[in-house]
Protein chains: 2
Amino acid sequence: MSADPRGSRDPDDALAEQGPASIFDVADRAGVSASTVSRSLRGLPNVAPATRVRVALAAEELAYVASPAASGLASGRTSTVGIVVPFLTRWFFMRVVQGVEEVVRAAGYDVLLHNLRDGAGREQFLERLPLNRKVDGMVLVDLALQPDEQARLQSLGVPVTVVGGDALGVGAVGIDDAAGVRIALQHLSHLGHHDVGMVGGTAVPGLDFAVPGSRRLAFLDAVDEACLATAPEWVVSDDWGIEGGARATEPLLSGRRLPTALFAECDEIAFGALRTLRLAGLDVPRRMSVIGFDDHEMASVVNLTTVAQPVQAQGAAAATMLLDVMHGRGDPFARLVMPMQLVVRGSTAPPPRRRRVDRR
Amino acid sequence: MSADPRGSRDPDDALAEQGPASIFDVADRAGVSASTVSRSLRGLPNVAPATRVRVALAAEELAYVASPAASGLASGRTSTVGIVVPFLTRWFFMRVVQGVEEVVRAAGYDVLLHNLRDGAGREQFLERLPLNRKVDGMVLVDLALQPDEQARLQSLGVPVTVVGGDALGVGAVGIDDAAGVRIALQHLSHLGHHDVGMVGGTAVPGLDFAVPGSRRLAFLDAVDEACLATAPEWVVSDDWGIEGGARATEPLLSGRRLPTALFAECDEIAFGALRTLRLAGLDVPRRMSVIGFDDHEMASVVNLTTVAQPVQAQGAAAATMLLDVMHGRGDPFARLVMPMQLVVRGSTAPPPRRRRVDRR
DNA sequence: GTGAAAGCGCTAACAA
DNA sequence: TTGTTAGCGCTTTCAC
């Protein structure tokens with residue numbers, strides 16, 4: 001009683017009192033000290049089974065939940081993990097967030113979501129480090145970090161894992177972009193295509209996110225490797241997403257000679273390309289084949305052939321890695337490369353007869 | 001100096017010292033007390049301009065950021081708002097989250113994301129109230145609450161606003177579902193349709209989320225009102241989303257007589273329906289018109305006629321409301337109804353000739 | 001306009 | 001196994 005700095009109250013008032021019960025209320029009711037309550041409720045060793053029961057009961061009766069702020073202040077832990085994405089509304093990122101959320105919540109952590117949105121947002125994030133001391137660890141998605149930026153992030157003193165991007169010095173999960181692009185182009189090559197184009201997403205100024213570019217370079221390599229051909233005017237790009245894909249495809253179609261197949265950097269860009277092709281009256285796949293990347297859930301609806309990657313699983317894996325590092329187990333520098341798979345649907349077919357005949 | 005409980009250190013060590021600077025470090029460096037630093041940095045009145053500058057400078061030099069846990073403990077505020085959604089990966093919810101995130105971050109708050117996922121998740125959320133004292137307010141999306149559940153939520157003592165659903169006693173923003181359905185059916189009616197079906201989403205067991213049901217009832221009313229006709233076997237439903245929409249449509253198509261138009265409860269369900277119709281060889285819109293609800297970004301790609309609702313704006317509005325209530329201004333029970341708009345694309349057309357002729 | 005002092009509610013060393 | 005004692009780093013009266 002005298003140990004209760006808030007003064008003791010009639011226990012029968014418990015439910016009527018204002019404000020949530022404190023650890024001292026529970027201690028009083030269970031007839032033990034606050035530290036015993038703390039230990040007991042957190043499942044630490046060195047608590048007699050009988051005591052544990054009494055404490056649990058008292059806590060239950062008072063609907064006691066430890067104040068996150070207080071325990072955070074005392075322990076230095078927040079039981080929260082941060083997840084940082086360049087965009088929120090792109091399918092890929094949401095899927096990753098879902099994977100992360102599921103894993104970390106199961107481990108008793110909450111999720112603090114941070115959306116970069118654009119270059120300014122990215123800069124602010126790295127400048128002000130708003131997750132500073134609000135999280136015990138963070139998952140970064142598709143964020144290409146400069147060494148100094150990474151150092152700055154690490155200065156927060158919390159573990160980091162990344163999905164996509166090639167950050168060194170932190171746990172990372174991703175796919176082999178180049179291999180994925182190769183899968184796509186080999187498919188086109190097997191179908192008999194020779195002239196291929198690519199529709200990509202432009203890097204958002206300042207928002208250095210990891211995918212744009214890497215697949216573009218891989219495309220050029222893969223074109224050579226599969227003995228295909230492309231042309232500068234067949235490699236186009238615009239904003240990341242459906243509208244960008246749609247716009248990027250327009251100038252490509254006004255050329256005198258057209259490729260017979262298009263590789264899109266991601267499915268959403270492919271969707272945009274499909275729309276433009278439809279509006280231009282170019283039948284897919286008869287006049288033009290289109291292949292995407294991701295296996296977006298809409299791909300089956302528009303019958304898009306694509307290179308599938310496990311998205312939610314990447315988020316889950318990154319979260320698992322993060323938790324491991326946070327708990328002092330596992331390799332903090334682990335890297336995990338996920339498998340990809342060609343999913344053939346109706347948007348790819350052999351190139352039009354005319355061209356094939358021409359070439360014979 | 002003597003007031004610094006951590007003992008004073010050589011200020012030149014500032015950057016080399018381990019651990020982030022505390023408010024006392026800043027106070028020392030600025031030659032003032034910790035309380036003045038606190039006031040000054042939070043922009044409270046009663047600080048001399050000159051002092052304010054000195055403090056700001058010292059804080060800047062030490063890269064000082066207040067510990068969220070400590071200030072949270074002392075003030076009772078978390079500078080975080082929670083956002084609770086039934087699903088993470090449905091387009092609608094992500095869009096709402098984006099709207100909320102944008103507004104609350106601009107106001108200096110972080111976002112704690114909570115995904116209900118299913119009945120068990122919903123129950124756990126309401127049972128354990130995991131956001132307890134971790135947020136200063138929360139936005140609930142499409143969550144239909146029983147009065148006792150709502151009371152339980154309110155017991156957290158933080159303001160709540162909702163998007164969708166008809167929770168009473170809290171700020172709410174949404175659309176008039178019935179009016180939206182009417183818009184869709186009137187469009188079909190104007191085109192000359194008479195026999196209409198509906199593809200809906202089944203409520204997830206236990207996950208009482210707000211939309212399913214309400215649009216179904218509205219559909220039946222609107223059918224009468226527009227002098228259309230439907231049949232029990234033309235009103236089908238399955239899981240919410242693309243796959244569910246696809247499955248739900250299958251049995252509908254095996255009937256002896258078919259409707260000439262389908263209303264889908266949301267665009268994603270419509271997408272699934274479109275896929276099934278394509279696989280069944282039923283041309284849209286020649287043999288069957290399809291109209292959706294939402295104006296999902298993919299609607300333009302698959303050329304879907306739909307009833308558009310502002311989604312991100314609803315999130316933003318709910319967030320703005322929430323901030324108002326949190327700051328003691330604005331009406332805590334405000335309700336805001338957003339406008340809808342018919343977007344005519346290529347998935348709706350007059351019904352097939354045969355039937356129209358029959359009827360004349 | 002500023003400072004001193006008293007918590008906020010918990011955890012963690014140490015003692016017992 | 002349990003209790004005591006200090007903080008964790010801020011905010012907030014209240015005096016000055």
# chains A, B, ... in the order shown; residues from 1 in each chain; ligands from 1
call {"tool": "interface_residues", "arguments": {"of": "chain B", "to": "chain D", "cutoff": "10 Å", "atoms": "only C-alpha atoms (C1' of nucleotides)", "output": "JSON, numbers by chain"}}
result
{"B": [5, 22, 23, 24, 34, 35, 38, 39, 66, 67, 68, 69, 70, 71, 72, 73, 74, 75, 76]}
call {"tool": "interface_residues", "arguments": {"of": "chain B", "to": "chain A", "cutoff": "8 Å", "atoms": "only C-alpha atoms", "output": "PyMOL selection string"}}
result
chain B and resi 67-70+72-73+88-89+91+94-95+98+101+110-115+133-134+242+271-272+274-275+297-298+300-302
call {"tool": "write_last_selection", "arguments": {"atoms": "N, CA and C atoms", "output": "mmCIF file, in the first residue's frame"}}
result
data_model
loop_
_atom_site.group_PDB
_atom_site.id
_atom_site.type_symbol
_atom_site.label_atom_id
_atom_site.label_comp_id
_atom_site.auth_asym_id
_atom_site.auth_seq_id
_atom_site.Cartn_x
_atom_site.Cartn_y
_atom_site.Cartn_z
ATOM 1 N N SER B 67 12.477 12.367 -27.356
ATOM 2 C CA SER B 67 12.117 10.953 -27.313
ATOM 3 C C SER B 67 10.599 10.810 -27.292
ATOM 4 N N PRO B 68 10.060 10.123 -28.294
ATOM 5 C CA PRO B 68 8.601 9.984 -28.357
ATOM 6 C C PRO B 68 8.060 9.288 -27.120
ATOM 7 N N ALA B 69 8.783 8.308 -26.621
ATOM 8 C CA ALA B 69 8.296 7.574 -25.459
ATOM 9 C C ALA B 69 8.225 8.499 -24.252
ATOM 10 N N ALA B 70 9.264 9.286 -24.059
ATOM 11 C CA ALA B 70 9.300 10.158 -22.893
ATOM 12 C C ALA B 70 8.242 11.247 -22.991
ATOM 13 N N GLY B 72 5.647 11.178 -24.761
ATOM 14 C CA GLY B 72 4.353 10.519 -24.708
ATOM 15 C C GLY B 72 3.955 10.203 -23.289
ATOM 16 N N LEU B 73 4.890 9.733 -22.533
ATOM 17 C CA LEU B 73 4.600 9.379 -21.142
ATOM 18 C C LEU B 73 4.224 10.619 -20.343
ATOM 19 N N LEU B 88 -6.133 -5.271 -46.565
ATOM 20 C CA LEU B 88 -5.073 -4.361 -46.957
ATOM 21 C C LEU B 88 -4.940 -4.299 -48.470
ATOM 22 N N THR B 89 -5.166 -5.409 -49.108
ATOM 23 C CA THR B 89 -4.791 -5.497 -50.521
ATOM 24 C C THR B 89 -5.934 -5.195 -51.471
ATOM 25 N N TRP B 91 -8.015 -2.610 -53.483
ATOM 26 C CA TRP B 91 -7.683 -1.290 -53.985
ATOM 27 C C TRP B 91 -8.344 -0.169 -53.180
ATOM 28 N N MET B 94 -6.596 0.624 -49.816
ATOM 29 C CA MET B 94 -5.291 1.241 -49.946
ATOM 30 C C MET B 94 -5.418 2.692 -50.293
ATOM 31 N N ARG B 95 -6.387 2.948 -51.125
ATOM 32 C CA ARG B 95 -6.618 4.320 -51.546
ATOM 33 C C ARG B 95 -7.051 5.176 -50.353
ATOM 34 N N GLN B 98 -4.102 5.805 -48.176
ATOM 35 C CA GLN B 98 -3.277 6.856 -48.758
ATOM 36 C C GLN B 98 -3.822 8.240 -48.411
ATOM 37 N N GLU B 101 -3.188 8.854 -44.706
ATOM 38 C CA GLU B 101 -1.761 9.023 -44.421
ATOM 39 C C GLU B 101 -1.293 10.414 -44.809
ATOM 40 N N ASP B 110 2.230 10.312 -37.120
ATOM 41 C CA ASP B 110 2.581 9.070 -37.794
ATOM 42 C C ASP B 110 1.355 8.179 -37.894
ATOM 43 N N VAL B 111 1.479 7.159 -38.709
ATOM 44 C CA VAL B 111 0.338 6.284 -38.973
ATOM 45 C C VAL B 111 0.621 4.865 -38.514
ATOM 46 N N LEU B 112 -0.224 4.375 -37.652
ATOM 47 C CA LEU B 112 -0.143 2.991 -37.221
ATOM 48 C C LEU B 112 -1.208 2.233 -37.992
ATOM 49 N N LEU B 113 -0.772 1.246 -38.748
ATOM 50 C CA LEU B 113 -1.696 0.543 -39.638
ATOM 51 C C LEU B 113 -2.142 -0.762 -39.008
ATOM 52 N N HIS B 114 -3.439 -0.962 -38.993
ATOM 53 C CA HIS B 114 -3.924 -2.229 -38.442
ATOM 54 C C HIS B 114 -4.857 -2.908 -39.431
ATOM 55 N N ASN B 115 -4.495 -4.105 -39.807
ATOM 56 C CA ASN B 115 -5.262 -4.876 -40.779
ATOM 57 C C ASN B 115 -6.075 -5.941 -40.051
ATOM 58 N N ARG B 133 -3.695 3.307 -26.184
ATOM 59 C CA ARG B 133 -2.652 4.254 -25.773
ATOM 60 C C ARG B 133 -1.463 4.322 -26.730
ATOM 61 N N LYS B 134 -1.636 3.800 -27.929
ATOM 62 C CA LYS B 134 -0.574 3.957 -28.924
ATOM 63 C C LYS B 134 -0.946 5.027 -29.936
ATOM 64 N N ILE B 242 -11.647 -10.197 -57.030
ATOM 65 C CA ILE B 242 -11.661 -10.666 -58.407
ATOM 66 C C ILE B 242 -12.053 -12.139 -58.509
ATOM 67 N N PHE B 271 -14.510 -7.176 -62.430
ATOM 68 C CA PHE B 271 -13.378 -7.704 -63.204
ATOM 69 C C PHE B 271 -13.444 -9.223 -63.249
ATOM 70 N N GLY B 272 -13.726 -9.806 -62.121
ATOM 71 C CA GLY B 272 -13.849 -11.258 -62.070
ATOM 72 C C GLY B 272 -14.972 -11.734 -62.977
ATOM 73 N N LEU B 274 -16.093 -10.234 -65.591
ATOM 74 C CA LEU B 274 -15.662 -10.070 -66.984
ATOM 75 C C LEU B 274 -14.809 -11.253 -67.423
ATOM 76 N N ARG B 275 -13.948 -11.701 -66.526
ATOM 77 C CA ARG B 275 -13.089 -12.834 -66.882
ATOM 78 C C ARG B 275 -13.926 -14.074 -67.157
ATOM 79 N N GLU B 297 -8.828 1.956 -60.693
ATOM 80 C CA GLU B 297 -7.940 2.450 -61.752
ATOM 81 C C GLU B 297 -7.847 1.497 -62.941
ATOM 82 N N MET B 298 -8.201 0.223 -62.728
ATOM 83 C CA MET B 298 -8.157 -0.719 -63.844
ATOM 84 C C MET B 298 -9.412 -0.663 -64.710
ATOM 85 N N SER B 300 -10.586 1.573 -66.559
ATOM 86 C CA SER B 300 -10.358 2.115 -67.899
ATOM 87 C C SER B 300 -9.643 1.102 -68.783
ATOM 88 N N VAL B 301 -8.863 0.239 -68.175
ATOM 89 C CA VAL B 301 -8.110 -0.741 -68.967
ATOM 90 C C VAL B 301 -9.033 -1.805 -69.532
ATOM 91 N N VAL B 302 -9.975 -2.255 -68.720
ATOM 92 C CA VAL B 302 -10.887 -3.274 -69.218
ATOM 93 C C VAL B 302 -12.171 -2.646 -69.740
#
call {"tool": "residues_around", "arguments": {"residues": "B:Gln150", "least_positions_apart": "2", "cutoff": "10 Å", "atoms": "only C-alpha atoms (C1' of nucleotides)", "output": "JSON, numbers by chain"}}
result
{"B": [126, 144, 145, 146, 147, 148, 152, 153, 154, 155, 160, 167, 168, 169, 170]}
call {"tool": "select_by_dssp", "arguments": {"residues": "stretch 72-133 of chain A", "states": "alpha helix (DSSP H)", "output": "VMD selection string"}}
result
chain A and resid 72 to 75 91 to 106 119 to 128
call {"tool": "write_last_selection", "arguments": {"atoms": "C-alpha atoms", "output": "CSV table (one decimal), in the first residue's frame"}}
result
chain,number,residue,atom,x,y,z
A,72,GLY,CA,9.0,2.0,-24.0
A,73,LEU,CA,10.7,4.7,-22.0
A,74,ALA,CA,11.9,2.3,-19.4
A,75,SER,CA,13.0,-0.5,-21.7
A,91,TRP,CA,-0.3,-3.2,-56.0
A,92,PHE,CA,3.2,-4.5,-55.4
A,93,PHE,CA,3.9,-2.4,-52.4
A,94,MET,CA,0.6,-3.1,-50.7
A,95,ARG,CA,1.2,-6.8,-51.2
A,96,VAL,CA,4.6,-6.5,-49.5
A,97,VAL,CA,3.1,-4.4,-46.7
A,98,GLN,CA,0.6,-7.2,-46.2
A,99,GLY,CA,3.3,-9.8,-46.0
A,100,VAL,CA,5.2,-7.7,-43.4
A,101,GLU,CA,2.2,-6.8,-41.4
A,102,GLU,CA,1.1,-10.4,-41.1
A,103,VAL,CA,4.4,-11.6,-39.8
A,104,VAL,CA,5.3,-8.8,-37.4
A,105,ARG,CA,1.8,-8.7,-35.9
A,106,ALA,CA,1.9,-12.4,-35.2
A,119,GLY,CA,11.5,12.9,-54.0
A,120,ALA,CA,10.6,15.5,-51.3
A,121,GLY,CA,9.1,12.8,-49.2
A,122,ARG,CA,12.2,10.6,-49.5
A,123,GLU,CA,14.5,13.5,-48.7
A,124,GLN,CA,12.5,14.4,-45.6
A,125,PHE,CA,12.4,10.9,-44.5
A,126,LEU,CA,16.2,10.6,-44.7
A,127,GLU,CA,16.7,14.1,-43.3
A,128,ARG,CA,14.4,14.0,-40.3
call {"tool": "interface_residues", "arguments": {"of": "chain C", "to": "chain A", "cutoff": "9 Å", "atoms": "only C-alpha atoms (C1' of nucleotides)", "output": "MDAnalysis selection string"}}
result
chainID C and resid 8:12
call {"tool": "select_by_dssp", "arguments": {"residues": "stretch 260-355 of chain A", "states": "strand (DSSP E)", "output": "PyMOL selection string"}}
result
chain A and resi 261-264+289-294+305-308+335-338+341-343
call {"tool": "residues_around", "arguments": {"residues": "stretch 329-338 of chain A", "least_positions_apart": "6", "cutoff": "8 Å", "atoms": "only C-alpha atoms (C1' of nucleotides)", "output": "mmCIF file with N, CA and C atoms, in the first residue's frame"}}
result
data_model
loop_
_atom_site.group_PDB
_atom_site.id
_atom_site.type_symbol
_atom_site.label_atom_id
_atom_site.label_comp_id
_atom_site.auth_asym_id
_atom_site.auth_seq_id
_atom_site.Cartn_x
_atom_site.Cartn_y
_atom_site.Cartn_z
ATOM 1 N N PRO A 159 17.768 -2.386 -36.392
ATOM 2 C CA PRO A 159 18.000 -3.258 -37.538
ATOM 3 C C PRO A 159 17.126 -2.862 -38.724
ATOM 4 N N LEU A 168 23.685 -3.015 -49.405
ATOM 5 C CA LEU A 168 24.640 -3.922 -48.787
ATOM 6 C C LEU A 168 24.645 -3.647 -47.295
ATOM 7 N N GLY A 169 25.093 -4.616 -46.554
ATOM 8 C CA GLY A 169 25.236 -4.379 -45.126
ATOM 9 C C GLY A 169 23.952 -4.510 -44.352
ATOM 10 N N VAL A 170 22.868 -4.900 -45.015
ATOM 11 C CA VAL A 170 21.634 -5.185 -44.297
ATOM 12 C C VAL A 170 21.018 -6.440 -44.905
ATOM 13 N N GLY A 171 20.153 -7.076 -44.174
ATOM 14 C CA GLY A 171 19.449 -8.228 -44.708
ATOM 15 C C GLY A 171 18.612 -7.811 -45.903
ATOM 16 N N ALA A 172 18.536 -8.643 -46.896
ATOM 17 C CA ALA A 172 17.807 -8.248 -48.099
ATOM 18 C C ALA A 172 17.102 -9.435 -48.717
ATOM 19 N N VAL A 173 15.894 -9.217 -49.176
ATOM 20 C CA VAL A 173 15.228 -10.234 -49.974
ATOM 21 C C VAL A 173 14.748 -9.590 -51.263
ATOM 22 N N GLY A 174 14.801 -10.363 -52.317
ATOM 23 C CA GLY A 174 14.416 -9.806 -53.605
ATOM 24 C C GLY A 174 14.384 -10.888 -54.656
ATOM 25 N N ILE A 175 14.353 -10.443 -55.875
ATOM 26 C CA ILE A 175 14.400 -11.383 -56.980
ATOM 27 C C ILE A 175 15.589 -11.021 -57.847
ATOM 28 N N ASP A 176 15.897 -11.890 -58.785
ATOM 29 C CA ASP A 176 16.952 -11.600 -59.751
ATOM 30 C C ASP A 176 16.292 -10.950 -60.959
ATOM 31 N N GLN A 309 6.375 -13.134 -59.768
ATOM 32 C CA GLN A 309 7.276 -13.159 -58.618
ATOM 33 C C GLN A 309 6.419 -13.232 -57.363
ATOM 34 N N PRO A 310 6.916 -13.893 -56.316
ATOM 35 C CA PRO A 310 6.151 -13.944 -55.076
ATOM 36 C C PRO A 310 6.308 -12.619 -54.352
ATOM 37 N N GLN A 314 7.825 -12.072 -50.212
ATOM 38 C CA GLN A 314 9.037 -11.278 -50.015
ATOM 39 C C GLN A 314 8.897 -10.389 -48.783
ATOM 40 N N MET A 321 13.235 -12.053 -41.331
ATOM 41 C CA MET A 321 14.656 -11.698 -41.185
ATOM 42 C C MET A 321 14.827 -10.601 -40.160
#
call {"tool": "residues_around", "arguments": {"residues": "A:Leu258", "least_positions_apart": "6", "cutoff": "8 Å", "atoms": "only C-alpha atoms (C1' of nucleotides)", "output": "PyMOL selection string"}}
result
chain A and resi 195+234+252
call {"tool": "write_last_selection", "arguments": {"atoms": "C-alpha atoms", "output": "tab-separated table (two decimals), in the first residue's frame"}}
result
chain	number	residue	atom	x	y	z
A	195	ASP	CA	11.84	-7.14	-82.95
A	234	TRP	CA	11.13	1.13	-79.14
A	252	LEU	CA	6.11	4.01	-79.81
call {"tool": "residues_around", "arguments": {"residues": "A:Val290", "least_positions_apart": "2", "cutoff": "10 Å", "atoms": "only C-alpha atoms (C1' of nucleotides)", "output": "compact mmCIF listing (two decimals) with C-alpha atoms, in the first residue's frame"}}
result
# COMPACT_ATOMS: atom_id res chain seq x y z
CA ALA A 184 10.40 -12.86 -70.59
CA LEU A 188 9.21 -14.02 -76.92
CA VAL A 196 11.02 -6.25 -79.38
CA GLY A 197 10.34 -3.05 -77.50
CA MET A 198 10.13 -2.16 -73.86
CA VAL A 199 7.76 0.03 -71.91
CA THR A 260 6.16 -7.34 -82.82
CA ALA A 261 6.36 -7.67 -79.06
CA LEU A 262 6.52 -5.43 -76.03
CA PHE A 263 8.10 -6.16 -72.68
CA ALA A 264 6.62 -4.10 -69.87
CA ASP A 267 2.20 -5.52 -65.04
CA ALA A 270 1.61 -3.49 -69.27
CA PHE A 271 -2.04 -2.75 -68.47
CA ALA A 273 0.12 -0.42 -72.78
CA LEU A 274 -2.76 -2.79 -73.44
CA LEU A 277 -2.98 -0.74 -78.01
CA VAL A 284 -3.12 -8.24 -78.93
CA PRO A 285 -1.63 -10.76 -79.45
CA MET A 288 1.46 -7.26 -81.01
CA GLY A 292 4.52 -8.10 -68.18
CA LEU A 304 -1.65 -10.96 -69.69
CA THR A 305 1.35 -13.23 -70.04
CA THR A 306 3.82 -12.29 -67.34
CA GLY A 346 -3.23 -14.87 -74.01
CA SER A 347 -1.27 -11.70 -74.61
CA THR A 348 1.65 -13.39 -76.31
CA ALA A 349 1.60 -15.35 -79.56
call {"tool": "atom_distance", "arguments": {"atom1": "atom CA of B:His296", "atom2": "atom CA of B:Glu265"}}
result
12.3 Å
call {"tool": "closest_residue", "arguments": {"among": "A:Ala222, A:Cys227, A:Val53, A:Val181", "to": "A:Cys266", "atoms": "only C-alpha atoms"}}
result
A:Val181
